[in-house]
$ cat entry-v6.json   # JSON, C-alpha atoms
[["chain", "number", "residue", "atom", "x", "y", "z"],
["A", 10, "MET", "CA", 102.10, 148.72, 34.65],
["A", 11, "SER", "CA", 105.19, 150.79, 33.95],
["A", 12, "LEU", "CA", 108.02, 150.41, 31.49],
["A", 13, "HIS", "CA", 110.37, 151.82, 34.12],
["A", 14, "ALA", "CA", 109.49, 149.46, 36.98],
["A", 15, "ARG", "CA", 110.68, 145.92, 37.53],
["A", 16, "ILE", "CA", 110.05, 143.26, 40.14],
["A", 17, "GLU", "CA", 112.55, 140.54, 41.03],
["A", 18, "LEU", "CA", 112.46, 137.62, 43.46],
["A", 19, "GLU", "CA", 115.70, 136.60, 45.15],
["A", 20, "THR", "CA", 116.21, 132.88, 45.78],
["A", 21, "TRP", "CA", 119.05, 131.21, 47.64],
["A", 22, "ASP", "CA", 120.62, 127.82, 46.99],
["A", 23, "GLY", "CA", 123.14, 127.49, 49.80],
["A", 24, "PRO", "CA", 125.57, 130.42, 49.42],
["A", 25, "ARG", "CA", 124.43, 131.19, 45.87],
["A", 26, "THR", "CA", 121.66, 133.56, 44.92],
["A", 27, "SER", "CA", 119.67, 134.08, 41.78],
["A", 28, "ARG", "CA", 117.09, 136.63, 40.81],
["A", 29, "GLU", "CA", 113.97, 135.95, 38.82],
["A", 30, "ARG", "CA", 112.57, 138.97, 37.01],
["A", 31, "LEU", "CA", 108.81, 138.99, 36.65],
["A", 32, "PRO", "CA", 107.65, 139.50, 33.07],
["A", 33, "GLU", "CA", 105.39, 142.40, 34.06],
["A", 34, "ALA", "CA", 105.50, 144.88, 36.95],
["A", 35, "SER", "CA", 101.78, 144.77, 37.82],
["A", 36, "PRO", "CA", 100.00, 144.82, 41.20],
["A", 37, "GLN", "CA", 98.75, 141.27, 40.61],
["A", 38, "GLY", "CA", 102.23, 140.03, 39.70],
["A", 39, "LEU", "CA", 103.65, 141.77, 42.75],
["A", 40, "ARG", "CA", 101.13, 140.11, 45.10],
["A", 41, "GLU", "CA", 101.87, 136.70, 43.56],
["A", 42, "ALA", "CA", 105.61, 137.27, 43.98],
["A", 43, "LEU", "CA", 105.22, 138.38, 47.60],
["A", 44, "CYS", "CA", 103.16, 135.26, 48.34],
["A", 45, "ARG", "CA", 106.12, 133.17, 47.17],
["A", 46, "LEU", "CA", 108.37, 134.54, 49.92],
["A", 47, "ASP", "CA", 108.95, 131.62, 52.27],
["A", 48, "GLY", "CA", 111.67, 133.04, 54.53],
["A", 49, "HIS", "CA", 114.04, 130.22, 53.55],
["A", 50, "ARG", "CA", 114.98, 129.78, 49.90],
["A", 51, "THR", "CA", 113.00, 132.70, 48.53],
["A", 52, "ASP", "CA", 113.30, 135.54, 51.03],
["A", 53, "SER", "CA", 113.42, 138.88, 49.20],
["A", 54, "CYS", "CA", 111.31, 140.70, 46.65],
["A", 55, "TRP", "CA", 112.76, 143.80, 45.01],
["A", 56, "ILE", "CA", 110.80, 146.53, 43.28],
["A", 57, "ASP", "CA", 113.01, 148.88, 41.28],
["A", 58, "ILE", "CA", 111.64, 152.09, 39.81],
["A", 59, "GLU", "CA", 113.87, 154.16, 37.58],
["A", 60, "ASP", "CA", 114.85, 157.55, 39.07],
["A", 61, "VAL", "CA", 113.01, 156.72, 42.33],
["A", 62, "GLY", "CA", 114.91, 153.82, 43.85],
["A", 63, "SER", "CA", 114.19, 150.36, 45.18],
["A", 64, "LEU", "CA", 112.03, 148.80, 47.83],
["A", 65, "CYS", "CA", 112.85, 145.42, 49.33],
["A", 66, "VAL", "CA", 110.33, 143.24, 51.14],
["A", 67, "GLY", "CA", 112.23, 140.49, 52.92],
["A", 68, "GLY", "CA", 111.34, 137.50, 55.05],
["A", 69, "GLY", "CA", 108.28, 135.31, 54.85],
["A", 70, "PRO", "CA", 105.93, 133.64, 54.89],
["A", 71, "SER", "CA", 104.01, 135.74, 57.46],
["A", 72, "ARG", "CA", 106.58, 138.22, 58.85],
["A", 73, "PHE", "CA", 108.51, 140.76, 56.81],
["A", 74, "VAL", "CA", 110.84, 143.74, 56.93],
["A", 75, "VAL", "CA", 110.50, 146.57, 54.41],
["A", 76, "VAL", "CA", 113.55, 148.64, 53.45],
["A", 77, "SER", "CA", 113.74, 151.58, 51.04],
["A", 78, "PHE", "CA", 116.75, 152.43, 48.90],
["A", 79, "PRO", "CA", 116.00, 155.83, 47.32],
["A", 80, "SER", "CA", 118.09, 156.96, 44.36],
["A", 81, "ASP", "CA", 119.92, 159.44, 46.66],
["A", 82, "GLY", "CA", 121.90, 156.56, 48.22],
["A", 83, "THR", "CA", 120.11, 156.50, 51.58],
["A", 84, "SER", "CA", 118.26, 153.56, 53.07],
["A", 85, "SER", "CA", 115.49, 153.37, 55.65],
["A", 86, "HIS", "CA", 113.23, 150.74, 57.15],
["A", 87, "VAL", "CA", 109.59, 150.88, 58.23],
["A", 88, "VAL", "CA", 108.70, 150.58, 61.91],
["A", 89, "VAL", "CA", 105.32, 150.29, 63.60],
["A", 90, "GLY", "CA", 104.55, 150.95, 67.24],
["A", 91, "ASP", "CA", 106.99, 151.61, 70.03],
["A", 92, "ASP", "CA", 110.18, 149.63, 70.55],
["A", 93, "ASP", "CA", 109.68, 147.38, 73.56],
["A", 94, "GLY", "CA", 113.09, 145.73, 73.21],
["A", 95, "THR", "CA", 111.75, 142.42, 71.88],
["A", 96, "THR", "CA", 113.27, 140.84, 68.79],
["A", 97, "VAL", "CA", 112.32, 138.43, 66.03],
["A", 98, "GLU", "CA", 114.60, 136.05, 64.13],
["A", 99, "LEU", "CA", 114.00, 136.31, 60.39],
["A", 100, "GLN", "CA", 115.85, 135.33, 57.22],
["A", 101, "VAL", "CA", 116.31, 138.13, 54.70],
["A", 102, "GLY", "CA", 118.87, 138.23, 51.91],
["A", 103, "GLY", "CA", 120.03, 134.69, 52.58],
["A", 104, "GLN", "CA", 121.01, 135.39, 56.18],
["A", 105, "THR", "CA", 119.17, 134.91, 59.42],
["A", 106, "GLY", "CA", 119.15, 138.04, 61.51],
["A", 107, "VAL", "CA", 117.63, 139.28, 64.74],
["A", 108, "TYR", "CA", 115.37, 142.25, 64.09],
["A", 109, "PRO", "CA", 113.63, 144.58, 66.54],
["A", 110, "SER", "CA", 109.95, 143.58, 66.68],
["A", 111, "VAL", "CA", 108.90, 147.11, 65.64],
["A", 112, "MET", "CA", 110.37, 146.57, 62.18],
["A", 113, "VAL", "CA", 108.80, 143.13, 61.59],
["A", 114, "LEU", "CA", 105.53, 143.64, 59.76],
["A", 115, "PRO", "CA", 102.57, 141.35, 59.06],
["A", 116, "ALA", "CA", 102.06, 140.25, 55.46],
["A", 117, "VAL", "CA", 99.06, 142.51, 54.81],
["A", 118, "LEU", "CA", 100.95, 145.66, 55.79],
["A", 119, "ALA", "CA", 104.19, 144.73, 53.99],
["A", 120, "PHE", "CA", 102.26, 143.86, 50.82],
["A", 121, "ASP", "CA", 100.29, 147.13, 50.97],
["A", 122, "ILE", "CA", 103.52, 149.13, 51.32],
["A", 123, "ALA", "CA", 105.00, 147.37, 48.29],
["A", 124, "GLU", "CA", 101.87, 147.91, 46.23],
["A", 125, "HIS", "CA", 101.79, 151.62, 47.14],
["A", 126, "PHE", "CA", 105.41, 151.96, 45.97],
["A", 127, "LEU", "CA", 104.64, 150.27, 42.66],
["A", 128, "LEU", "CA", 101.42, 152.19, 41.97],
["A", 129, "PHE", "CA", 102.44, 155.66, 43.15],
["A", 130, "ARG", "CA", 106.15, 155.41, 42.29],
["A", 131, "ALA", "CA", 107.01, 156.84, 45.71],
["A", 132, "PHE", "CA", 107.79, 155.71, 49.24],
["A", 133, "ASP", "CA", 104.67, 156.17, 51.36],
["A", 134, "PRO", "CA", 105.21, 159.34, 53.44],
["A", 135, "ALA", "CA", 102.48, 158.28, 55.90],
["A", 136, "LEU", "CA", 104.75, 155.52, 57.22],
["A", 137, "ARG", "CA", 107.42, 155.82, 59.90],
["A", 138, "TRP", "CA", 110.75, 155.38, 58.06],
["A", 139, "VAL", "CA", 113.91, 155.08, 60.17],
["A", 140, "LYS", "CA", 117.18, 155.94, 58.40],
["A", 141, "ASP", "CA", 119.76, 153.17, 58.21],
["A", 142, "CYS", "CA", 122.26, 154.88, 55.95],
["A", 143, "PRO", "CA", 122.78, 158.60, 55.28],
["A", 144, "PRO", "CA", 123.23, 159.98, 51.74],
["A", 145, "SER", "CA", 126.45, 159.07, 49.99],
["A", 146, "SER", "CA", 129.06, 161.83, 49.86],
["A", 147, "TYR", "CA", 130.40, 160.78, 46.45]]
$ encode --input "entry-v6.json" --output "structure tokens"
Amino acid sequence: MSLHARIELETWDGPRTSRERLPEASPQGLREALCRLDGHRTDSCWIDIEDVGSLCVGGGPSRFVVVSFPSDGTSSHVVVGDDDGTTVELQVGGQTGVYPSVMVLPAVLAFDIAEHFLLFRAFDPALRWVKDCPPSSY
């Protein structure tokens, strides 16, 4: 797809992590990688696009969080709906966390967000992104 994009799957073996780089950053390869997310050993898929940033889809196999890491040093996550105070337990990045239900997305939506990022080389402006981290002051 692009020489400047890469897709990696993060897998955990106890406290140790490894990343598997896909040979090609294509929509089909991305979908196959996302389908491998099991929310236990393999719980994060990273899409890195040079000069744009990274997108992480974490969790699995049916519930995910999507977090952007633009090249400006900020980070944001996608939310849907209104926060009703409910939470969901989900493993992302090798750790189980409790996430607000509004940021836990179904597979179809999470996969579509990831595919949009890969194809258009941009974070989808039609989504509701909530800032986690402001720009770095370095």
$ closest_residue --input "entry-v6.json" --among "A:Ala116, A:Val66, A:Val88, A:Leu128" --to "Asp52 in chain A" --atoms "all atoms listed in the file"
A:Val66
$ atom_distance --input "entry-v6.json" --atom1 "CA of Ile58 in chain A" --atom2 "CA of Arg45 in chain A"
21.0 Å
$ residues_around --input "entry-v6.json" --residues "Ala14 in chain A" --least-positions-apart "4" --cutoff "10 Å" --atoms "only C-alpha atoms" --output "list in words"
Met10, Glu33, Ala34, Ser35, Ile56, Asp57, Ile58, Glu59, Asp60, Val61, Gly62, Ser63, Leu127, Leu128 and Arg130 of chain A
$ write_last_selection --input "entry-v6.json" --atoms "C-alpha atoms" --output "compact mmCIF listing (two decimals), keeping the file's coordinate frame"
# COMPACT_ATOMS: atom_id res chain seq x y z
CA MET A 10 102.10 148.72 34.65
CA GLU A 33 105.39 142.40 34.06
CA ALA A 34 105.50 144.88 36.95
CA SER A 35 101.78 144.77 37.82
CA ILE A 56 110.80 146.53 43.28
CA ASP A 57 113.01 148.88 41.28
CA ILE A 58 111.64 152.09 39.81
CA GLU A 59 113.87 154.16 37.58
CA ASP A 60 114.85 157.55 39.07
CA VAL A 61 113.01 156.72 42.33
CA GLY A 62 114.91 153.82 43.85
CA SER A 63 114.19 150.36 45.18
CA LEU A 127 104.64 150.27 42.66
CA LEU A 128 101.42 152.19 41.97
CA ARG A 130 106.15 155.41 42.29
$ residues_around --input "entry-v6.json" --residues "Gln104 in chain A" --least-positions-apart "5" --cutoff "10 Å" --atoms "all atoms listed in the file" --output "mmCIF file with C-alpha atoms, in the coordinates of the input"
data_model
loop_
_atom_site.group_PDB
_atom_site.id
_atom_site.type_symbol
_atom_site.label_atom_id
_atom_site.label_comp_id
_atom_site.auth_asym_id
_atom_site.auth_seq_id
_atom_site.Cartn_x
_atom_site.Cartn_y
_atom_site.Cartn_z
ATOM 1 C CA TRP A 21 119.050 131.210 47.640
ATOM 2 C CA PRO A 24 125.570 130.420 49.420
ATOM 3 C CA GLY A 48 111.670 133.040 54.530
ATOM 4 C CA HIS A 49 114.040 130.220 53.550
ATOM 5 C CA ASP A 52 113.300 135.540 51.030
ATOM 6 C CA GLY A 68 111.340 137.500 55.050
ATOM 7 C CA LEU A 99 114.000 136.310 60.390
#
$ residues_near_point --input "entry-v6.json" --point "(111.5, 136.3, 66.0)" --cutoff "10 Å" --atoms "all atoms listed in the file" --output "PDB file with C-alpha atoms, in the frame of the given file"
ATOM      1  CA  ARG A  72     106.580 138.220  58.850  1.00  0.00           C
ATOM      2  CA  THR A  95     111.750 142.420  71.880  1.00  0.00           C
ATOM      3  CA  THR A  96     113.270 140.840  68.790  1.00  0.00           C
ATOM      4  CA  VAL A  97     112.320 138.430  66.030  1.00  0.00           C
ATOM      5  CA  GLU A  98     114.600 136.050  64.130  1.00  0.00           C
ATOM      6  CA  LEU A  99     114.000 136.310  60.390  1.00  0.00           C
ATOM      7  CA  GLN A 100     115.850 135.330  57.220  1.00  0.00           C
ATOM      8  CA  GLY A 106     119.150 138.040  61.510  1.00  0.00           C
ATOM      9  CA  VAL A 107     117.630 139.280  64.740  1.00  0.00           C
ATOM     10  CA  TYR A 108     115.370 142.250  64.090  1.00  0.00           C
ATOM     11  CA  PRO A 109     113.630 144.580  66.540  1.00  0.00           C
ATOM     12  CA  SER A 110     109.950 143.580  66.680  1.00  0.00           C
ATOM     13  CA  VAL A 113     108.800 143.130  61.590  1.00  0.00           C
TER      14      VAL A 113
END
$ axis_aligned_box --input "entry-v6.json" --around "range 27-39 of chain A" --padding-each-side "4 Å" --output "lines of an AutoDock Vina configuration file"
center_x = 109.2
center_y = 139.5
center_z = 37.9
size_x = 28.9
size_y = 18.8
size_z = 17.7
$ residues_around --input "entry-v6.json" --residues "Thr26 in chain A" --least-positions-apart "4" --cutoff "10 Å" --atoms "only C-alpha atoms" --output "JSON, numbers by chain"
{"A": [19, 20, 21, 22, 50, 51, 102, 103]}
$ residues_around --input "entry-v6.json" --residues "Arg30 in chain A" --least-positions-apart "4" --cutoff "7 Å" --atoms "all atoms listed in the file" --output "PyMOL selection string"
chain A and resi 16-18
$ atom_distance --input "entry-v6.json" --atom1 "CA of Asp141 in chain A" --atom2 "CA of Ser85 in chain A"
5.0 Å
$ closest_residue --input "entry-v6.json" --among "A:Leu39, A:Met112, A:Thr105, A:Pro79" --to "Asp92 in chain A" --atoms "all atoms listed in the file"
A:Met112
$ atom_distance --input "entry-v6.json" --atom1 "CA of Leu64 in chain A" --atom2 "CA of Asp81 in chain A"
13.3 Å
$ residues_near_point --input "entry-v6.json" --point "(106.7, 143.7, 50.6)" --cutoff "7 Å" --atoms "only C-alpha atoms" --output "list of chain:residue names"
A:Leu43, A:Cys54, A:Cys65, A:Val66, A:Gly67, A:Val75, A:Ala119, A:Phe120, A:Ile122, A:Ala123
$ closest_residue --input "entry-v6.json" --among "A:Pro36, A:Pro143, A:Gly23, A:Pro134" --to "Val87 in chain A" --atoms "all atoms listed in the file"
A:Pro134
